[in-house]
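*Asks:* The following block contains the structure, expressed as structure tokens.
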Amino acid sequence: MSAPLATLPLAELAEGIRKRRLSPTALVESAAAALAAAESGPEPLNLFIAFDLERAFKRALEVEADLRDGKALSPLAGIPVAVGDNLCTTDFPTTCGSRVLHGYVSPYEATAVRRLREAGAVVLGKTNLDEFAMGSSTEHSAYGPTRNPWDRSRVAGGSSGGSAAAVAAGVVPLALGSDTGGAVRQPAAFCGVVGIRPTYGRVSRYGLVAFAPSLDQVGTLGRSVYEAAYLLQVVAGRDPLDSTSADVPVANVSVNLGEGVEGMTIGVPAEYMPDSLDPRVRALCRAALRRLEELGAEVREISLPHTAYAVPAYAVLAAAEASSSLARIDGVRFGAPVAGARSVEEVWEGTRALFGAETKRRILLGTHVLSAGRHDEIYGHAARVRGLVALDFRWAFDSGVDAVFTPTTPSPAFRLGEVVDPYAMLLSDAFTAGPALAGLPALSLPLGLADGLPVGGQLVGRPWGEPEIVRAGHALEQSLVSSPLAVPSAPAAAR
Ligand code: GLN
């Protein structure tokens with residue numbers, strides 16, 4: 001089989017479509033073939049919870065008609081995309097990877113999805129994720145785990161594992177996911193693609209099913225920094241339907257893209273390179289920093305002293321908010337009503353029994369930390385720690401740092417079933433939770449392979465600093481394309 005069309009650069013696809021050398025239906029056909037390959041064999045990737053190729057063909061035909069009529073078309077016109085299953089759509093069910101929302105069809109569409117469709121993108125389907133986006137491996141989905149296209153015995157990361165793996169497998173060039181504590185960047189790193197978490201407020205969350213609303217953001221995934229950034233530009237911007245969406249101008253990503261990192265100061269926090277870091281990840285990060293220096297950046301050691309408290313604070317705050325967000329799923333308005341219930345309590349119990357173990361654990365933990373007598377001691381404490389984590393970053397940026405560079409994850413993708421302890425699972429977000437608590441934009445880009453598995457590097461920006469991290473990420477990525485980093489699998493002594 002020839003390489004899927006989705007692996008071609010977006011600019012090439014868009015130009016092919018515009019010049020009518022390539023048709024949107026051919027793109028859907030190619031996506032269908034890539035999907036069939038992804039889902040074949042004894043270990044299917046399990047990318048989608050719902051997809052509809054027939055509908056995608058129909059939509060592609062409509063775009064073709066628009067093209068013939070010479071209607072103004074955006075570069076996304078006719079491009080197949082995938083959308084995480086916690087973003088509401090009126091044509092596909094929105095299950096959030098949960099049994100409790102099985103078959104639920106939203107009466108309205110998420111703003112991010114609507115903007116994608118208005119740009120002419122063809123939504124292939126809804127990708128798999130950890131139940132209500134709670135997890136780091138997509139193993140907590142009621143619809144089975146998503147496997148990693150690089151090694152099917154390993155996880156794709158999570159919670160947006162289906163979206164990241166769908167891009168990595170060449171089914172779609174672009175996908176949307178959600179990032180609460182790392183759920184776009186961590187799977188992007190595990191699957192060798194680019195993932196961007198925007199500044200809090202950059203993208204409307206209208207129609208994104210709430211997990212922890214003070215943290216949740218819609219994020220974008222693509223094969224290159226430019227493509228993920230372009231998708232972000234399409235979905236970003238103020239939305240009257242989401243009061244937390246900010247009225248901040250969205251820069252055109254192409255404008256400063258080629259400016260490189262010359263003159264930029266890149267901060268490297270010692271706390272993000274702990275002794276426990278996988279040595280291969282450390283070696284690739286060190287090599288990437290040397291490369292940034294060669295490209296003209298100043299690399300400066302910095303300290304973010306509260307880093308170690310980011311995951312514990314995140315665990316408390318995210319659980320607290322989840323317990324409140326999920327209270328609405330009671331079998332009355334949301335969630336399948338249980339047959340034969342004789343009282344409202346039986347409706348509640350029957351419905352909420354359908355939550356998976358991890359979701360129940362978080363609801364219990366969240367209810368506990370918000371309970372009278374515990375609220376100040378635990379929740380209040382975590383909220384104060386969050387402030388300190390944010391201040392760490394603020395000081396770094398105030399001291400003249402333009403972007404902070406860190407590994408995205410402490411290790412490459414782990415095996416399915418390998419991480420069972422819930423806290424150990426959360427530690428996969430050791431480097432992504434801090435920027436999320438601080439509301440900062442951050443992207444993950446592939447640095448190279450360690451023993452055949454992708455390793456990601458993270459660039460964190462100041463609030464609304466997407467253009468800087470995109471520019472730096474693009475410069476590094478372009479340099480890596482022409483000259484990959486030396487792969488540090490040997491010498492054995494260094495491991
Ligand atoms: N892995 C983290 C968690 O389980 C983050 C997930 C997310 O960002 N949605 O909470």
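Chain labels A, B, ... are given in the sequence in which chains occur in the structure tokens; within each chain residues are numbered consecutively from 1, and ligands are likewise numbered from 1 in the order shown.
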Stretch 21-177 of chain A: which residues are alpha helix (DSSP H) by DSSP, as a ChimeraX atom specification?

*Replies:* /A:24-38,53-68,111-118,161-168

*Asks:* So that I have them on file, write out the residues from the current selection with N, CA and C atoms, as a short mmCIF file (atom, residue, chain, number, x, y, z; two decimals), in the first residue's frame.

*Replies:*
data_model
loop_
_atom_site.label_atom_id
_atom_site.label_comp_id
_atom_site.auth_asym_id
_atom_site.auth_seq_id
_atom_site.Cartn_x
_atom_site.Cartn_y
_atom_site.Cartn_z
N PRO A 24 -11.10 15.74 -2.37
CA PRO A 24 -11.48 15.39 -1.00
C PRO A 24 -11.96 13.95 -0.86
N THR A 25 -12.62 13.42 -1.89
CA THR A 25 -13.07 12.02 -1.77
C THR A 25 -11.86 11.07 -1.78
N ALA A 26 -10.83 11.44 -2.56
CA ALA A 26 -9.62 10.59 -2.56
C ALA A 26 -8.98 10.60 -1.17
N LEU A 27 -9.06 11.73 -0.50
CA LEU A 27 -8.51 11.82 0.86
C LEU A 27 -9.29 10.93 1.82
N VAL A 28 -10.61 10.92 1.67
CA VAL A 28 -11.42 10.05 2.55
C VAL A 28 -11.11 8.59 2.23
N GLU A 29 -10.96 8.27 0.95
CA GLU A 29 -10.62 6.89 0.57
C GLU A 29 -9.29 6.47 1.19
N SER A 30 -8.33 7.37 1.14
CA SER A 30 -7.03 7.05 1.71
C SER A 30 -7.14 6.88 3.23
N ALA A 31 -7.95 7.75 3.85
CA ALA A 31 -8.15 7.63 5.30
C ALA A 31 -8.80 6.29 5.64
N ALA A 32 -9.75 5.88 4.80
CA ALA A 32 -10.44 4.60 5.04
C ALA A 32 -9.45 3.44 4.95
N ALA A 33 -8.54 3.51 3.96
CA ALA A 33 -7.55 2.44 3.81
C ALA A 33 -6.59 2.42 5.00
N ALA A 34 -6.16 3.62 5.44
CA ALA A 34 -5.25 3.69 6.59
C ALA A 34 -5.95 3.18 7.84
N LEU A 35 -7.23 3.50 7.95
CA LEU A 35 -7.98 3.05 9.12
C LEU A 35 -8.13 1.53 9.12
N ALA A 36 -8.40 0.98 7.93
CA ALA A 36 -8.54 -0.47 7.83
C ALA A 36 -7.23 -1.14 8.26
N ALA A 37 -6.10 -0.58 7.82
CA ALA A 37 -4.80 -1.16 8.20
C ALA A 37 -4.58 -1.02 9.71
N ALA A 38 -4.99 0.13 10.25
CA ALA A 38 -4.79 0.36 11.69
C ALA A 38 -5.62 -0.61 12.53
N LEU A 53 -17.76 6.54 7.46
CA LEU A 53 -17.06 6.85 6.21
C LEU A 53 -18.04 7.31 5.13
N GLU A 54 -19.25 6.76 5.18
CA GLU A 54 -20.23 7.16 4.17
C GLU A 54 -20.56 8.64 4.30
N ARG A 55 -20.76 9.06 5.55
CA ARG A 55 -21.05 10.47 5.79
C ARG A 55 -19.85 11.33 5.37
N ALA A 56 -18.67 10.82 5.63
CA ALA A 56 -17.47 11.57 5.26
C ALA A 56 -17.38 11.73 3.74
N PHE A 57 -17.71 10.66 3.01
CA PHE A 57 -17.72 10.74 1.55
C PHE A 57 -18.72 11.80 1.07
N LYS A 58 -19.88 11.78 1.69
CA LYS A 58 -20.92 12.74 1.31
C LYS A 58 -20.42 14.16 1.50
N ARG A 59 -19.82 14.37 2.66
CA ARG A 59 -19.31 15.71 2.99
C ARG A 59 -18.20 16.10 1.99
N ALA A 60 -17.34 15.12 1.68
CA ALA A 60 -16.26 15.39 0.74
C ALA A 60 -16.82 15.77 -0.63
N LEU A 61 -17.91 15.11 -1.02
CA LEU A 61 -18.54 15.45 -2.31
C LEU A 61 -19.09 16.88 -2.29
N GLU A 62 -19.65 17.28 -1.15
CA GLU A 62 -20.15 18.66 -1.03
C GLU A 62 -19.00 19.66 -1.20
N VAL A 63 -17.86 19.33 -0.56
CA VAL A 63 -16.71 20.25 -0.69
C VAL A 63 -16.25 20.29 -2.15
N GLU A 64 -16.29 19.13 -2.80
CA GLU A 64 -15.90 19.11 -4.22
C GLU A 64 -16.82 20.00 -5.05
N ALA A 65 -18.10 19.98 -4.70
CA ALA A 65 -19.05 20.84 -5.43
C ALA A 65 -18.72 22.30 -5.17
N ASP A 66 -18.40 22.63 -3.92
CA ASP A 66 -18.00 24.01 -3.59
C ASP A 66 -16.79 24.43 -4.42
N LEU A 67 -15.85 23.50 -4.55
CA LEU A 67 -14.64 23.79 -5.33
C LEU A 67 -14.98 24.09 -6.78
N ARG A 68 -15.85 23.27 -7.31
CA ARG A 68 -16.25 23.48 -8.71
C ARG A 68 -16.92 24.85 -8.89
N THR A 111 -18.09 24.46 19.88
CA THR A 111 -17.65 25.56 19.02
C THR A 111 -16.40 25.18 18.22
N ALA A 112 -15.46 24.48 18.85
CA ALA A 112 -14.23 24.11 18.14
C ALA A 112 -14.56 23.22 16.94
N VAL A 113 -15.49 22.32 17.11
CA VAL A 113 -15.87 21.42 16.01
C VAL A 113 -16.61 22.22 14.93
N ARG A 114 -17.48 23.11 15.39
CA ARG A 114 -18.23 23.93 14.43
C ARG A 114 -17.26 24.74 13.56
N ARG A 115 -16.25 25.32 14.20
CA ARG A 115 -15.29 26.13 13.43
C ARG A 115 -14.51 25.27 12.42
N LEU A 116 -14.20 24.06 12.83
CA LEU A 116 -13.53 23.14 11.91
C LEU A 116 -14.40 22.86 10.69
N ARG A 117 -15.66 22.56 10.97
CA ARG A 117 -16.57 22.23 9.86
C ARG A 117 -16.79 23.43 8.97
N GLU A 118 -16.90 24.62 9.59
CA GLU A 118 -17.10 25.82 8.77
C GLU A 118 -15.92 26.07 7.85
N GLY A 161 -5.63 9.67 23.56
CA GLY A 161 -4.81 8.66 22.88
C GLY A 161 -5.32 8.35 21.47
N GLY A 162 -6.64 8.31 21.29
CA GLY A 162 -7.19 8.00 19.97
C GLY A 162 -6.82 9.06 18.95
N SER A 163 -6.90 10.32 19.36
CA SER A 163 -6.57 11.43 18.44
C SER A 163 -5.09 11.39 18.05
N ALA A 164 -4.22 11.20 19.04
CA ALA A 164 -2.78 11.18 18.76
C ALA A 164 -2.42 10.00 17.87
N ALA A 165 -2.98 8.83 18.18
CA ALA A 165 -2.65 7.64 17.40
C ALA A 165 -3.23 7.71 15.99
N ALA A 166 -4.39 8.37 15.84
CA ALA A 166 -5.00 8.49 14.50
C ALA A 166 -4.11 9.34 13.59
N VAL A 167 -3.48 10.38 14.17
CA VAL A 167 -2.56 11.20 13.38
C VAL A 167 -1.29 10.39 13.08
N ALA A 168 -0.78 9.72 14.12
CA ALA A 168 0.47 8.95 13.94
C ALA A 168 0.29 7.83 12.93
#

*Asks:* Taking only stretch 284-314 of chain A into account, list the residues labelled strand (DSSP E) by DSSP (computed from the backbone), as a VMD selection string.

*Replies:* chain A and resid 298 to 302

*Asks:* Could you take the residues named above and write them with N, CA and C atoms, as an mmCIF file, in the first residue's frame?

*Replies:*
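Below you can see out_2.cif, which holds the result:
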data_model
loop_
_atom_site.group_PDB
_atom_site.id
_atom_site.type_symbol
_atom_site.label_atom_id
_atom_site.label_comp_id
_atom_site.auth_asym_id
_atom_site.auth_seq_id
_atom_site.Cartn_x
_atom_site.Cartn_y
_atom_site.Cartn_z
ATOM 1 N N GLU A 298 19.730 31.475 23.251
ATOM 2 C CA GLU A 298 20.506 31.415 24.482
ATOM 3 C C GLU A 298 19.793 30.439 25.412
ATOM 4 N N VAL A 299 20.512 29.418 25.869
ATOM 5 C CA VAL A 299 19.906 28.447 26.778
ATOM 6 C C VAL A 299 20.357 28.768 28.193
ATOM 7 N N ARG A 300 19.384 28.964 29.072
ATOM 8 C CA ARG A 300 19.708 29.417 30.421
ATOM 9 C C ARG A 300 19.096 28.466 31.455
ATOM 10 N N GLU A 301 19.913 28.041 32.427
ATOM 11 C CA GLU A 301 19.390 27.210 33.533
ATOM 12 C C GLU A 301 18.472 28.071 34.384
ATOM 13 N N ILE A 302 17.307 27.544 34.709
ATOM 14 C CA ILE A 302 16.414 28.271 35.612
ATOM 15 C C ILE A 302 15.927 27.304 36.683
#

*Asks:* Given only C-alpha atoms and all ligand atoms, how would the per-residue table for chain A near ligand 1 read, listing every residue at most 7 Å away with its closest atom pair and distance in Å to one decimal, sorted by chain and number, as a tab-separated table?

*Replies:*
residue	atom	partner	partner_atom_place_in_ligand_line	distance
A:Ala133	CA	ligand 1	9 (N)	4.3
A:Met134	CA	ligand 1	4 (O)	4.0
A:Gly135	CA	ligand 1	4 (O)	3.3
A:Ser136	CA	ligand 1	1 (N)	4.0
A:Gly158	CA	ligand 1	1 (N)	6.3
A:Ser159	CA	ligand 1	9 (N)	5.2
A:Ser178	CA	ligand 1	9 (N)	6.2
A:Asp179	CA	ligand 1	8 (O)	4.1
A:Thr180	CA	ligand 1	8 (O)	3.3
A:Gly181	CA	ligand 1	8 (O)	3.6
A:Gly182	CA	ligand 1	8 (O)	4.2
A:Ala183	CA	ligand 1	8 (O)	3.6
A:Val184	CA	ligand 1	8 (O)	6.9
A:Ala315	CA	ligand 1	10 (O)	6.9
A:Ala318	CA	ligand 1	10 (O)	6.7
A:Leu426	CA	ligand 1	1 (N)	5.2
A:Ser428	CA	ligand 1	1 (N)	6.9
A:Asp429	CA	ligand 1	1 (N)	5.9

*Asks:* Residues within 12 Å of stretch 373-386 of chain A, please, as a count of residues only. Count only C-alpha atoms; anything in the same chain fewer than 5 positions from it doesn't count.

*Replies:* 33

*Asks:* Could you state the separation of atom CA of A:Pro42 and atom CA of A:Gly177 in Å, given to one decimal place?

*Replies:*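 Distance reported for this atom pair: 26.7 Å.
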